[in-house]
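Novice: protein08.tsv is the file, holding TSV, C-alpha atoms and all ligand atoms:
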chain	number	residue	atom	x	y	z
A	524	MET	CA	0.00	0.00	0.00
A	525	ARG	CA	2.82	2.36	0.92
A	526	HIS	CA	4.54	1.64	-2.43
A	527	LEU	CA	1.36	2.43	-4.34
A	528	GLN	CA	0.89	5.67	-2.42
A	529	LEU	CA	4.54	6.63	-2.90
A	530	LEU	CA	4.38	6.00	-6.65
A	531	THR	CA	1.22	8.09	-6.89
A	532	LEU	CA	2.78	10.92	-4.95
A	533	LEU	CA	5.88	10.85	-7.16
A	534	SER	CA	3.77	10.90	-10.32
A	535	LEU	CA	1.79	13.82	-8.93
A	536	LEU	CA	4.97	15.76	-8.21
A	537	LEU	CA	6.22	15.09	-11.76
A	538	VAL	CA	3.09	16.30	-13.57
A	539	ILE	CA	2.23	19.33	-11.49
A	540	VAL	CA	2.63	22.30	-13.80
A	541	THR	CA	-0.03	24.61	-12.40
A	542	PRO	CA	0.27	26.41	-9.07
A	543	ILE	CA	-1.81	24.57	-6.50
A	544	SER	CA	-3.33	27.19	-4.30
A	545	ALA	CA	-7.05	27.05	-3.64
A	546	THR	CA	-9.23	29.98	-2.60
A	547	PHE	CA	-10.79	29.70	0.85
A	548	TYR	CA	-13.44	32.07	2.19
A	549	THR	CA	-13.62	32.40	5.95
A	550	ASN	CA	-17.07	34.01	5.80
A	551	SER	CA	-19.74	34.87	3.25
A	552	SER	CA	-19.05	38.63	3.35
A	553	SER	CA	-15.51	38.02	2.04
A	554	ILE	CA	-16.84	36.56	-1.23
A	555	PRO	CA	-16.33	39.05	-4.11
A	556	PRO	CA	-19.58	40.49	-5.55
A	557	LEU	CA	-18.62	39.09	-8.97
A	558	HIS	CA	-19.11	35.61	-7.58
A	559	LEU	CA	-22.60	36.54	-6.43
A	560	LEU	CA	-23.47	37.62	-9.97
A	561	ASN	CA	-21.75	34.61	-11.51
A	562	ALA	CA	-23.63	32.20	-9.29
A	563	THR	CA	-24.95	29.89	-12.00
A	564	ARG	CA	-21.67	28.98	-13.68
A	565	SER	CA	-21.13	25.26	-14.07
A	566	ALA	CA	-18.82	23.05	-16.06
A	567	TRP	CA	-21.90	21.28	-17.45
A	568	LYS	CA	-24.25	24.23	-17.89
A	569	THR	CA	-24.30	23.74	-21.70
A	570	PHE	CA	-26.19	20.45	-21.23
A	571	GLU	CA	-29.34	22.40	-20.36
A	572	LYS	CA	-29.90	23.26	-24.03
A	573	LEU	CA	-30.45	19.53	-24.66
A	574	THR	CA	-33.78	19.57	-22.81
A	575	GLY	CA	-36.42	17.47	-24.60
A	576	CYS	CA	-33.98	15.32	-26.62
A	577	HIS	CA	-34.95	11.67	-27.05
A	578	VAL	CA	-34.06	8.57	-29.06
A	579	GLY	CA	-33.58	9.33	-32.77
A	580	ASP	CA	-32.53	12.97	-32.24
A	581	LYS	CA	-29.16	14.39	-33.24
A	582	ALA	CA	-27.93	17.47	-31.37
A	583	ASP	CA	-24.70	19.32	-30.69
A	584	GLY	CA	-23.51	18.45	-27.20
A	585	LEU	CA	-24.87	14.87	-27.00
A	586	SER	CA	-21.34	13.49	-27.54
A	587	LYS	CA	-20.14	15.54	-24.54
A	588	LEU	CA	-23.07	14.30	-22.50
A	589	LYS	CA	-22.10	10.71	-23.42
A	590	GLN	CA	-18.61	11.45	-22.10
A	591	TYR	CA	-20.23	12.62	-18.84
A	592	PHE	CA	-22.19	9.36	-18.51
A	593	SER	CA	-19.10	7.36	-19.42
A	594	ARG	CA	-17.05	9.16	-16.76
A	595	PHE	CA	-19.51	8.23	-14.02
A	596	GLY	CA	-19.87	4.60	-15.20
A	597	TYR	CA	-23.23	4.77	-16.99
A	598	ILE	CA	-21.73	3.93	-20.41
A	599	PRO	CA	-19.35	0.93	-20.52
A	600	ALA	CA	-15.65	1.73	-20.89
A	601	THR	CA	-15.64	-0.42	-24.07
A	602	VAL	CA	-17.74	2.28	-25.81
A	603	ASP	CA	-15.50	5.19	-26.73
A	604	ASN	CA	-16.88	6.45	-30.05
A	605	PHE	CA	-19.16	9.21	-28.86
A	606	THR	CA	-21.35	10.80	-31.55
A	607	ASP	CA	-24.08	13.44	-31.31
A	608	ASP	CA	-26.76	10.78	-32.00
A	609	PHE	CA	-29.30	10.01	-29.29
A	610	ASP	CA	-28.94	6.22	-29.51
A	611	ASP	CA	-30.04	3.29	-27.33
A	612	VAL	CA	-26.74	3.39	-25.39
A	613	LEU	CA	-27.54	6.93	-24.25
A	614	LYS	CA	-31.16	6.05	-23.50
A	615	SER	CA	-30.04	3.16	-21.30
A	616	ALA	CA	-27.51	5.39	-19.49
A	617	ILE	CA	-30.17	8.05	-18.83
A	618	SER	CA	-32.67	5.45	-17.52
A	619	THR	CA	-30.11	4.02	-15.07
A	620	TYR	CA	-29.10	7.53	-13.97
A	621	GLN	CA	-32.77	8.42	-13.38
A	622	LYS	CA	-33.23	5.32	-11.18
A	623	ASN	CA	-30.11	6.15	-9.14
A	624	PHE	CA	-31.21	9.74	-8.54
A	625	ASN	CA	-34.86	8.92	-7.74
A	626	LEU	CA	-36.12	10.63	-10.92
A	627	LYS	CA	-39.02	9.52	-13.12
A	628	VAL	CA	-37.56	6.90	-15.47
A	629	THR	CA	-38.27	8.22	-18.98
A	630	GLY	CA	-35.00	7.57	-20.86
A	631	LYS	CA	-35.36	11.14	-22.14
A	632	LEU	CA	-33.51	14.34	-21.32
A	633	ASP	CA	-36.32	16.00	-19.41
A	634	ALA	CA	-35.79	19.17	-17.37
A	635	SER	CA	-35.53	17.43	-13.98
A	636	THR	CA	-32.89	14.99	-15.27
A	637	LEU	CA	-30.77	17.76	-16.80
A	638	GLY	CA	-31.29	19.85	-13.66
A	639	GLN	CA	-29.67	17.02	-11.70
A	640	ILE	CA	-26.88	16.45	-14.24
A	641	VAL	CA	-25.64	20.05	-14.10
A	642	LYS	CA	-25.26	20.02	-10.30
A	643	PRO	CA	-21.70	19.91	-8.95
A	644	ARG	CA	-20.81	16.45	-7.72
A	645	CYS	CA	-18.18	14.00	-6.53
A	646	GLY	CA	-15.80	12.75	-9.21
A	647	ASN	CA	-16.06	9.11	-8.13
A	648	PRO	CA	-18.25	7.04	-10.48
A	649	ASP	CA	-21.75	5.86	-9.48
A	650	MET	CA	-21.23	2.58	-11.34
A	651	ILE	CA	-18.11	0.44	-11.54
A	652	ASP	CA	-17.69	-2.24	-14.23
A	653	GLY	CA	-21.30	-1.72	-15.31
A	654	THR	CA	-22.81	-2.49	-11.93
A	655	SER	CA	-24.34	-0.13	-9.44
A	656	GLU	CA	-25.17	-0.57	-5.81
A	657	MET	CA	-27.23	2.61	-5.89
A	658	ASN	CA	-30.97	2.34	-6.64
A	659	ALA	CA	-30.47	0.91	-10.15
A	660	GLY	CA	-28.69	-2.13	-8.73
A	661	LYS	CA	-31.13	-2.85	-5.90
A	662	LYS	CA	-33.65	-5.64	-6.33
A	663	PHE	CA	-36.04	-4.20	-3.75
A	664	ARG	CA	-36.64	-0.53	-3.04
A	665	THR	CA	-36.92	-1.18	0.72
A	666	VAL	CA	-33.34	-2.44	1.16
A	667	ALA	CA	-30.56	-0.19	2.46
A	668	ARG	CA	-29.34	2.36	-0.04
A	669	TYR	CA	-25.70	2.60	1.10
A	670	SER	CA	-23.16	0.90	-1.13
A	671	PHE	CA	-19.57	-0.32	-1.15
A	672	PHE	CA	-16.78	-0.56	-3.69
A	673	PRO	CA	-16.60	-3.88	-5.59
A	674	GLY	CA	-15.14	-6.54	-3.26
A	675	LYS	CA	-16.08	-4.41	-0.23
A	676	PRO	CA	-12.52	-3.19	0.55
A	677	GLN	CA	-11.94	-1.77	4.03
A	678	TRP	CA	-9.03	-0.83	6.29
A	679	PRO	CA	-7.55	-3.95	7.90
A	680	LYS	CA	-8.72	-4.83	11.42
A	681	ARG	CA	-5.25	-4.23	12.87
A	682	ASN	CA	-5.40	-0.65	11.63
A	683	ARG	CA	-8.12	1.21	13.51
A	684	ASP	CA	-5.89	4.25	14.17
A	685	LEU	CA	-5.52	6.00	10.82
A	686	SER	CA	-3.30	8.98	10.16
A	687	TYR	CA	-3.76	11.70	7.58
A	688	ALA	CA	-1.43	14.34	6.17
A	689	PHE	CA	-1.74	17.35	3.88
A	690	PHE	CA	0.14	17.79	0.62
A	691	PRO	CA	2.80	20.32	1.73
A	692	LEU	CA	2.82	22.40	-1.48
A	693	ASN	CA	-0.77	23.50	-0.75
A	694	ASN	CA	0.42	25.50	2.29
A	695	LEU	CA	-2.96	25.11	3.97
A	696	THR	CA	-3.73	27.24	7.00
A	697	GLU	CA	-4.55	25.75	10.38
A	698	GLU	CA	-8.13	26.96	9.89
A	699	VAL	CA	-8.49	24.87	6.71
A	700	LYS	CA	-6.86	21.84	8.33
A	701	GLN	CA	-9.35	22.07	11.20
A	702	VAL	CA	-12.22	21.70	8.71
A	703	PHE	CA	-10.84	18.28	7.76
A	704	ALA	CA	-10.30	17.38	11.43
A	705	ARG	CA	-14.00	18.07	12.10
A	706	ALA	CA	-14.99	15.96	9.08
A	707	PHE	CA	-12.92	12.99	10.30
A	708	THR	CA	-14.47	13.29	13.77
A	709	ARG	CA	-17.97	12.77	12.31
A	710	TRP	CA	-16.96	9.27	11.14
A	711	ALA	CA	-14.89	8.52	14.25
A	712	ASP	CA	-17.96	9.23	16.41
A	713	VAL	CA	-19.88	6.25	14.97
A	714	THR	CA	-17.06	3.72	14.42
A	715	PRO	CA	-14.07	2.27	16.30
A	716	LEU	CA	-11.79	4.28	13.98
A	717	ASN	CA	-9.51	7.07	15.23
A	718	PHE	CA	-7.90	9.70	13.04
A	719	THR	CA	-4.77	11.63	13.87
A	720	ARG	CA	-2.88	14.22	11.88
A	721	SER	CA	0.61	13.41	10.68
A	722	GLU	CA	3.15	15.85	9.29
A	723	SER	CA	4.60	13.21	6.93
A	724	ILE	CA	2.83	12.35	3.68
A	725	LEU	CA	5.08	9.30	3.36
A	726	ARG	CA	4.03	7.82	6.69
A	727	ALA	CA	0.35	8.83	6.66
A	728	ASP	CA	-2.42	6.39	5.70
A	729	ILE	CA	-4.41	9.16	3.98
A	730	VAL	CA	-2.93	12.05	1.97
A	731	ILE	CA	-5.06	15.11	1.24
A	732	GLY	CA	-4.22	17.53	-1.56
A	733	PHE	CA	-5.72	20.27	-3.73
A	734	PHE	CA	-4.93	19.98	-7.45
A	735	ALA	CA	-5.92	21.73	-10.69
A	736	GLY	CA	-6.83	20.06	-13.97
A	737	ASP	CA	-4.81	16.99	-14.96
A	738	HIS	CA	-2.86	15.95	-11.88
A	739	GLY	CA	-1.50	12.58	-12.90
A	740	ASP	CA	-4.07	10.04	-11.76
A	741	GLY	CA	-6.21	9.92	-14.92
A	742	GLU	CA	-9.05	11.85	-13.25
A	743	PRO	CA	-8.49	15.49	-14.25
A	744	PHE	CA	-10.41	18.22	-12.48
A	745	ASP	CA	-12.54	20.56	-14.58
A	746	GLY	CA	-12.32	24.02	-13.02
A	747	PRO	CA	-15.12	25.72	-11.07
A	748	MET	CA	-18.10	23.49	-10.20
A	749	GLY	CA	-18.50	20.24	-12.20
A	750	THR	CA	-16.51	17.66	-10.25
A	751	LEU	CA	-15.36	18.89	-6.84
A	752	ALA	CA	-13.19	16.10	-5.42
A	753	HIS	CA	-12.49	12.37	-5.54
A	754	ALA	CA	-11.07	9.77	-3.21
A	755	SER	CA	-9.78	6.22	-3.44
A	756	SER	CA	-11.14	3.09	-1.79
A	757	PRO	CA	-9.27	1.50	1.16
A	758	PRO	CA	-6.44	1.07	1.73
A	759	THR	CA	-4.96	3.48	-0.83
A	760	GLY	CA	-5.82	6.70	1.00
A	761	MET	CA	-5.76	9.31	-1.78
A	762	PHE	CA	-8.04	12.33	-1.28
A	763	HIS	CA	-7.91	15.00	-3.99
A	764	LEU	CA	-9.87	18.25	-4.19
A	765	ASP	CA	-10.24	20.67	-7.11
A	766	SER	CA	-8.13	23.72	-6.23
A	767	GLU	CA	-10.10	25.84	-8.72
A	768	GLU	CA	-13.27	25.77	-6.64
A	769	ASP	CA	-14.08	28.62	-4.27
A	770	TRP	CA	-14.12	26.79	-0.95
A	771	LEU	CA	-16.14	28.10	1.99
A	772	ILE	CA	-14.73	27.18	5.40
A	773	SER	CA	-16.98	29.24	7.67
A	774	GLY	CA	-19.61	26.55	8.23
A	775	GLU	CA	-22.43	28.82	6.99
A	776	ASP	CA	-25.22	27.37	4.87
A	777	MET	CA	-25.29	29.93	2.07
A	778	SER	CA	-28.32	28.32	0.41
A	779	ARG	CA	-30.53	29.81	3.15
A	780	GLN	CA	-29.51	33.39	2.42
A	781	ILE	CA	-31.73	35.82	0.55
A	782	LEU	CA	-29.30	35.75	-2.39
A	783	PRO	CA	-27.80	32.27	-2.26
A	784	VAL	CA	-24.21	32.01	-3.45
A	785	THR	CA	-24.15	28.87	-5.53
A	786	SER	CA	-20.62	29.22	-6.87
A	787	VAL	CA	-18.93	28.45	-3.55
A	788	VAL	CA	-18.60	24.97	-2.12
A	789	ASP	CA	-18.74	24.09	1.56
A	790	LEU	CA	-15.43	22.36	2.24
A	791	GLU	CA	-16.54	20.33	5.25
A	792	SER	CA	-19.53	18.89	3.34
A	793	VAL	CA	-17.23	17.62	0.57
A	794	ALA	CA	-14.64	16.39	3.08
A	795	VAL	CA	-17.18	14.30	5.04
A	796	HIS	CA	-18.38	12.73	1.76
A	797	GLU	CA	-14.90	11.89	0.46
A	798	ILE	CA	-13.82	10.42	3.82
A	799	GLY	CA	-16.77	8.06	3.41
A	800	HIS	CA	-15.10	6.80	0.20
A	801	LEU	CA	-11.69	6.58	1.88
A	802	LEU	CA	-13.28	4.29	4.48
A	803	GLY	CA	-15.02	2.07	1.90
A	804	LEU	CA	-18.46	3.52	1.16
A	805	GLY	CA	-19.77	4.03	-2.36
A	806	HIS	CA	-22.57	6.35	-3.42
A	807	SER	CA	-26.08	6.24	-2.01
A	808	SER	CA	-29.41	7.15	-3.63
A	809	VAL	CA	-30.68	8.67	-0.36
A	810	GLU	CA	-30.69	12.41	-0.99
A	811	ASP	CA	-30.16	13.28	2.69
A	812	ALA	CA	-27.19	10.92	2.99
A	813	ILE	CA	-23.66	12.26	3.03
A	814	MET	CA	-22.82	9.62	0.40
A	815	TYR	CA	-25.34	11.03	-2.13
A	816	PRO	CA	-23.07	12.00	-5.07
A	817	ALA	CA	-24.19	15.60	-5.75
A	818	ILE	CA	-24.38	18.78	-3.68
A	819	SER	CA	-25.64	22.16	-4.81
A	820	GLY	CA	-23.25	25.09	-4.57
A	821	GLY	CA	-23.56	26.98	-1.28
A	822	HIS	CA	-25.31	24.07	0.46
A	823	ARG	CA	-23.96	22.57	3.66
A	824	LYS	CA	-24.53	18.92	4.56
A	825	VAL	CA	-22.23	17.54	7.23
A	826	GLU	CA	-24.39	15.37	9.52
A	827	LEU	CA	-24.20	11.65	8.85
A	828	ALA	CA	-27.62	10.25	7.93
A	829	LYS	CA	-28.97	6.90	9.19
A	830	ASP	CA	-28.05	5.40	5.81
A	831	ASP	CA	-24.39	6.54	6.16
A	832	ILE	CA	-24.13	5.24	9.73
A	833	GLU	CA	-25.63	1.86	8.84
A	834	GLY	CA	-23.25	1.57	5.88
A	835	ILE	CA	-20.07	2.42	7.79
A	836	GLN	CA	-21.04	0.26	10.78
A	837	HIS	CA	-21.62	-2.65	8.41
A	838	LEU	CA	-17.88	-2.39	7.62
A	839	TYR	CA	-16.38	-1.50	11.01
A	840	GLY	CA	-18.97	-1.95	13.74
A	841	ASP	CA	-20.17	0.86	15.96
A	842	GLY	CA	-17.17	1.28	18.26
A	843	GLY	CA	-19.49	1.44	21.25
A	844	SER	CA	-21.67	4.28	19.97
A	845	SER	CA	-24.81	2.12	19.88
A	846	ARG	CA	-24.07	0.87	23.40
A	847	LEU	CA	-24.20	4.50	24.48
A	848	SER	CA	-27.56	4.95	22.81
A	849	GLU	CA	-28.73	1.66	24.34
A	850	THR	CA	-27.70	3.01	27.73
A	851	SER	CA	-29.59	6.23	27.15
A	852	GLY	CA	-32.44	4.14	25.73
A	853	GLY	CA	-32.38	2.13	28.97
A	854	ALA	CA	-32.63	5.31	31.01
A	855	GLU	CA	-35.63	6.34	28.89
A	856	PHE	CA	-37.20	2.93	29.64
A	857	TRP	CA	-36.74	3.28	33.41
A	858	ARG	CA	-38.01	6.86	33.36
A	859	GLY	CA	-41.08	5.63	31.45
A	860	LEU	CA	-41.59	2.74	33.88
A	861	VAL	CA	-41.40	5.03	36.94
A	862	PHE	CA	-43.88	7.41	35.27
A	863	SER	CA	-46.26	4.51	34.48
A	864	LEU	CA	-46.06	3.11	38.02
A	865	SER	CA	-46.68	6.54	39.55
A	866	SER	CA	-49.66	6.99	37.19
A	867	ILE	CA	-51.09	3.59	38.25
A	868	ALA	CA	-50.56	4.51	41.93
A	869	THR	CA	-52.40	7.80	41.37
A	870	CYS	CA	-55.32	5.94	39.70
A	871	ILE	CA	-55.54	3.43	42.61
A	872	LEU	CA	-55.57	6.32	45.09
A	873	LEU	CA	-58.34	8.05	43.15
A	874	ILE	CA	-60.39	4.80	42.99
A	875	CYS	CA	-59.88	4.19	46.71
A	876	CYS	CA	-60.94	7.72	47.54
B	1	ZN	ZN	-18.47	10.43	-3.99
B	2	ZN	ZN	-6.93	12.96	-8.34
Represent the structure of the file as structure tokens.
Ligand SMILES: [Zn+2]
Ligand SMILES: [Zn+2]
Specialist:
Amino acid sequence: MRHLQLLTLLSLLLVIVTPISATFYTNSSSIPPLHLLNATRSAWKTFEKLTGCHVGDKADGLSKLKQYFSRFGYIPATVDNFTDDFDDVLKSAISTYQKNFNLKVTGKLDASTLGQIVKPRCGNPDMIDGTSEMNAGKKFRTVARYSFFPGKPQWPKRNRDLSYAFFPLNNLTEEVKQVFARAFTRWADVTPLNFTRSESILRADIVIGFFAGDHGDGEPFDGPMGTLAHASSPPTGMFHLDSEEDWLISGEDMSRQILPVTSVVDLESVAVHEIGHLLGLGHSSVEDAIMYPAISGGHRKVELAKDDIEGIQHLYGDGGSSRLSETSGGAEFWRGLVFSLSSIATCILLICC
């Protein structure tokens, strides 16, 4: 594992040609007004003009849309000749995507489907080798929605104390590093896992770095919005974020403001999601779950949902967190019993009187 990580780090150092400094906003008032006006920019905004397209159509931009579906696993890797024809391959990809994102399955590019496609999202695919453990791969709609990587990789049992380090060339401030520390704590709270910061990227289990464009791992970033970050499955420990995003580190939910700022991305929300991948979780179709693949600009979502907790505890157990809730549940029981007994005693007294 260390060799793989070392090779990756060396390849990253060799291909880095662009300065890797990301922009972090410590509060919403520090965001330039231009960003407020430019709030709808998106790497995939051009897809919206394809609204209404269906099988048999030919339209500029469909080839790019096929590349999008291929990137996230909806078109098999064996298909690489992307034309502007709306063919059965595209229809099948759209139908599967609609199932995964709880949309009406039409196989057409309706407004709600394209509205979902243009949202910024995680760069990890929803489907691997043509299979999905999101909605499209579930036999019954009532089963759990969380998913794993193929083969269900996880950190070995002997390694419950994981270390993480930051790519030194990013020169991150302590304030930014604390955002990641908080994100790790959310997973540590519901598992037996512990996370500690290391100053050595060679010794750390997990290495976090901000990169721009092509950064040597075959998964180039695409500038503002579009894909925001990606992370590897255990035990590789690679966590990359797009340095060209405008990252918000204040913890504010900008979507609730009168003029929502959709061009900034809440760093902690993305960090909690990507740590889920680093620990072995795939994407979930539950919109409230941290492991749902997309997040709108300006939104903040950092609390683990029931689906996330069930998924991660399937891999690692609860680390005693459920025992705590059982204890508090037991206290509730006794409080309820005392209340019931006192109510019965009151009734008997009333009857006797
Ligand atoms: Zn993801
Ligand atoms: Zn990467």
Novice: Let me make sure I understand: among A:Cys576, A:Met657, A:Ala711, A:Met814, which one has the smallest atom-to-atom distance to ligand ZN 1 (chain B) if we use all atoms listed in the file?
Specialist: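 Using all atoms listed in the file, ligand ZN 1 (chain B) sits closest to A:Met814.
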Novice: Which is closer to ligand ZN 2 (chain B) than all the others in A:Arg594, A:Arg644, A:Lys622, A:His763, using all atoms listed in the file?
Specialist: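 Closest residue, counting all atoms listed in the file: A:His763.
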Novice: May I have the residues within 7 Å of ligand ZN 1 (chain B), computed using only C-alpha atoms and all ligand atoms, as a ChimeraX atom specification?
Specialist: /A:645-647,753,796-797,800,805-806,814,816
Novice: So that I have them on file, write out the residues from the current selection with C-alpha atoms, as a CSV table (one decimal), in the frame of the given file.
Specialist:
chain,number,residue,atom,x,y,z
A,645,CYS,CA,-18.2,14.0,-6.5
A,646,GLY,CA,-15.8,12.8,-9.2
A,647,ASN,CA,-16.1,9.1,-8.1
A,753,HIS,CA,-12.5,12.4,-5.5
A,796,HIS,CA,-18.4,12.7,1.8
A,797,GLU,CA,-14.9,11.9,0.5
A,800,HIS,CA,-15.1,6.8,0.2
A,805,GLY,CA,-19.8,4.0,-2.4
A,806,HIS,CA,-22.6,6.4,-3.4
A,814,MET,CA,-22.8,9.6,0.4
A,816,PRO,CA,-23.1,12.0,-5.1
Novice: Excluding stretch 817-824 of chain A and its own-chain neighbours fewer than 5 positions away, which residues fall within 8 Å of it when counting all atoms listed in the file? Please give them as a PyMOL selection string.
Specialist: chain A and resi 642-645+748+774-778+783-789+791-792
Novice: In Å, how far is it from atom CA of A:Gln836 to atom CA of A:Asp652?
Specialist: 25.4 Å
Novice: Quick check, in Å to one decimal: how far apart do atom CA of A:Leu588 and atom CA of A:Lys627 lie?
Specialist: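 Separating atom CA of A:Leu588 from atom CA of A:Lys627 is a distance of 19.1 Å.
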Novice: Hey, which residues come within 12 Å of ligand ZN 2 (chain B) if we count all atoms listed in the file? Could you give them as a CSV table (one decimal) with C-alpha atoms, in the frame of the given file?
Specialist:
chain,number,residue,atom,x,y,z
A,531,THR,CA,1.2,8.1,-6.9
A,532,LEU,CA,2.8,10.9,-5.0
A,534,SER,CA,3.8,10.9,-10.3
A,535,LEU,CA,1.8,13.8,-8.9
A,538,VAL,CA,3.1,16.3,-13.6
A,539,ILE,CA,2.2,19.3,-11.5
A,645,CYS,CA,-18.2,14.0,-6.5
A,646,GLY,CA,-15.8,12.8,-9.2
A,647,ASN,CA,-16.1,9.1,-8.1
A,730,VAL,CA,-2.9,12.0,2.0
A,731,ILE,CA,-5.1,15.1,1.2
A,732,GLY,CA,-4.2,17.5,-1.6
A,733,PHE,CA,-5.7,20.3,-3.7
A,734,PHE,CA,-4.9,20.0,-7.4
A,735,ALA,CA,-5.9,21.7,-10.7
A,736,GLY,CA,-6.8,20.1,-14.0
A,737,ASP,CA,-4.8,17.0,-15.0
A,738,HIS,CA,-2.9,16.0,-11.9
A,739,GLY,CA,-1.5,12.6,-12.9
A,740,ASP,CA,-4.1,10.0,-11.8
A,741,GLY,CA,-6.2,9.9,-14.9
A,742,GLU,CA,-9.0,11.8,-13.2
A,743,PRO,CA,-8.5,15.5,-14.2
A,744,PHE,CA,-10.4,18.2,-12.5
A,745,ASP,CA,-12.5,20.6,-14.6
A,750,THR,CA,-16.5,17.7,-10.2
A,751,LEU,CA,-15.4,18.9,-6.8
A,752,ALA,CA,-13.2,16.1,-5.4
A,753,HIS,CA,-12.5,12.4,-5.5
A,754,ALA,CA,-11.1,9.8,-3.2
A,755,SER,CA,-9.8,6.2,-3.4
A,760,GLY,CA,-5.8,6.7,1.0
A,761,MET,CA,-5.8,9.3,-1.8
A,762,PHE,CA,-8.0,12.3,-1.3
A,763,HIS,CA,-7.9,15.0,-4.0
A,764,LEU,CA,-9.9,18.2,-4.2
A,765,ASP,CA,-10.2,20.7,-7.1
A,766,SER,CA,-8.1,23.7,-6.2
A,797,GLU,CA,-14.9,11.9,0.5
Novice: Considering only C-alpha atoms, state which residue in the set A:Met650, A:Leu685, A:Leu637, A:Ala582 is at the smallest distance from A:Asp607.
Specialist: A:Ala582
Novice: Kindly give the distance, in Å, that separates atom CA of A:Asp603 and atom CA of A:Lys572, rounded to a single decimal.
Specialist: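 For atom CA of A:Asp603 relative to atom CA of A:Lys572, the distance reads 23.3 Å.
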Novice: Counting all atoms listed in the file, which residues have an atom no more than 12 Å from (-3.7, 15.0, 3.7) in the file's coordinates? Please list them as a PyMOL selection string.
Specialist: chain A and resi 532+685-695+699-704+707+718-733+754+760-764+794+798+801
Novice: Please determine, counting all atoms listed in the file, which residue among A:Glu698, A:Asp841, A:Asp811, A:Glu826 has the shortest atom-to-atom distance to A:Phe624.
Specialist: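 Nearest candidate to A:Phe624 out of A:Glu698, A:Asp841, A:Asp811, A:Glu826: A:Asp811.
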Novice: Applying 12 Å and all atoms listed in the file, which residues near A:Val602 remain after dropping the ones on its own chain fewer than 3 positions away? List them as an MDAnalysis selection string.
Specialist: chainID A and resid 586 589:590 592:594 596:599 605:606 612:613 653
Novice: First collect every listed atom of stretch 729-747 of chain A; then fit an axis-aligned box around them, widen it by 8 Å on each side, and give centre and edge lengths in Å to one decimal, as AutoDock Vina command-line options.
Specialist:
--center_x -8.3 --center_y 17.4 --center_z -5.5 --size_x 29.6 --size_y 32.6 --size_z 34.9
Novice: I'd like to know which of A:Ser773, A:Ser553, A:Ser655, A:Gln780 is closest to A:Ser808, using all atoms listed in the file.
Specialist: A:Ser655
Novice: With distances taken over all atoms listed in the file, which residue among A:Thr708, A:Thr549, A:Thr574, A:Ser756 lies nearest A:Pro673?
Specialist: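 With all atoms listed in the file as the atom set, the closest residue is A:Ser756.
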Novice: So that I can see what lies close to A:Leu573, please list as a list in words the residues with an atom at most 9 Å from it, counting all atoms listed in the file and leaving out residues fewer than 4 positions away in the same chain.
Specialist: Thr569, Ala582, Asp583, Gly584, Leu585, Leu632, Asp633 and Leu637 of chain A
Novice: Please provide the set of residues having any atom within 8 Å of A:Val641, restricted to all atoms listed in the file, with same-chain residues fewer than 3 positions apart removed, written as a compact mmCIF listing (two decimals) with C-alpha atoms, keeping the file's coordinate frame.
Specialist:
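Writing the result to out_11.txt gives the following:
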# COMPACT_ATOMS: atom_id res chain seq x y z
CA SER A 565 -21.13 25.26 -14.07
CA ALA A 566 -18.82 23.05 -16.06
CA TRP A 567 -21.90 21.28 -17.45
CA LYS A 568 -24.25 24.23 -17.89
CA PHE A 570 -26.19 20.45 -21.23
CA GLU A 571 -29.34 22.40 -20.36
CA LEU A 637 -30.77 17.76 -16.80
CA GLY A 638 -31.29 19.85 -13.66
CA GLY A 749 -18.50 20.24 -12.20
Novice: Starting from the incomplete input, reconstruct N, CA and C atoms of stretch 711-719 of chain A and report them as an mmCIF file, keeping the file's coordinate frame.
Specialist:
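Listed below is the output, selection01.cif:
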data_model
loop_
_atom_site.group_PDB
_atom_site.id
_atom_site.type_symbol
_atom_site.label_atom_id
_atom_site.label_comp_id
_atom_site.auth_asym_id
_atom_site.auth_seq_id
_atom_site.Cartn_x
_atom_site.Cartn_y
_atom_site.Cartn_z
ATOM 1 N N ALA A 711 -15.454 9.166 13.059
ATOM 2 C CA ALA A 711 -14.890 8.520 14.250
ATOM 3 C C ALA A 711 -15.957 8.346 15.333
ATOM 4 N N ASP A 712 -16.922 9.273 15.377
ATOM 5 C CA ASP A 712 -17.960 9.230 16.410
ATOM 6 C C ASP A 712 -18.866 8.002 16.312
ATOM 7 N N VAL A 713 -18.941 7.379 15.142
ATOM 8 C CA VAL A 713 -19.880 6.250 14.970
ATOM 9 C C VAL A 713 -19.166 4.942 14.630
ATOM 10 N N THR A 714 -17.839 4.933 14.741
ATOM 11 C CA THR A 714 -17.060 3.720 14.420
ATOM 12 C C THR A 714 -15.953 3.545 15.448
ATOM 13 N N PRO A 715 -15.242 2.413 15.413
ATOM 14 C CA PRO A 715 -14.070 2.270 16.300
ATOM 15 C C PRO A 715 -12.834 2.966 15.730
ATOM 16 N N LEU A 716 -12.956 3.676 14.632
ATOM 17 C CA LEU A 716 -11.790 4.280 13.980
ATOM 18 C C LEU A 716 -11.368 5.576 14.679
ATOM 19 N N ASN A 717 -10.057 5.805 14.716
ATOM 20 C CA ASN A 717 -9.510 7.070 15.230
ATOM 21 C C ASN A 717 -8.659 7.696 14.136
ATOM 22 N N PHE A 718 -8.670 8.999 14.076
ATOM 23 C CA PHE A 718 -7.900 9.700 13.040
ATOM 24 C C PHE A 718 -6.971 10.715 13.701
ATOM 25 N N THR A 719 -5.713 10.650 13.343
ATOM 26 C CA THR A 719 -4.770 11.630 13.870
ATOM 27 C C THR A 719 -3.976 12.248 12.730
#
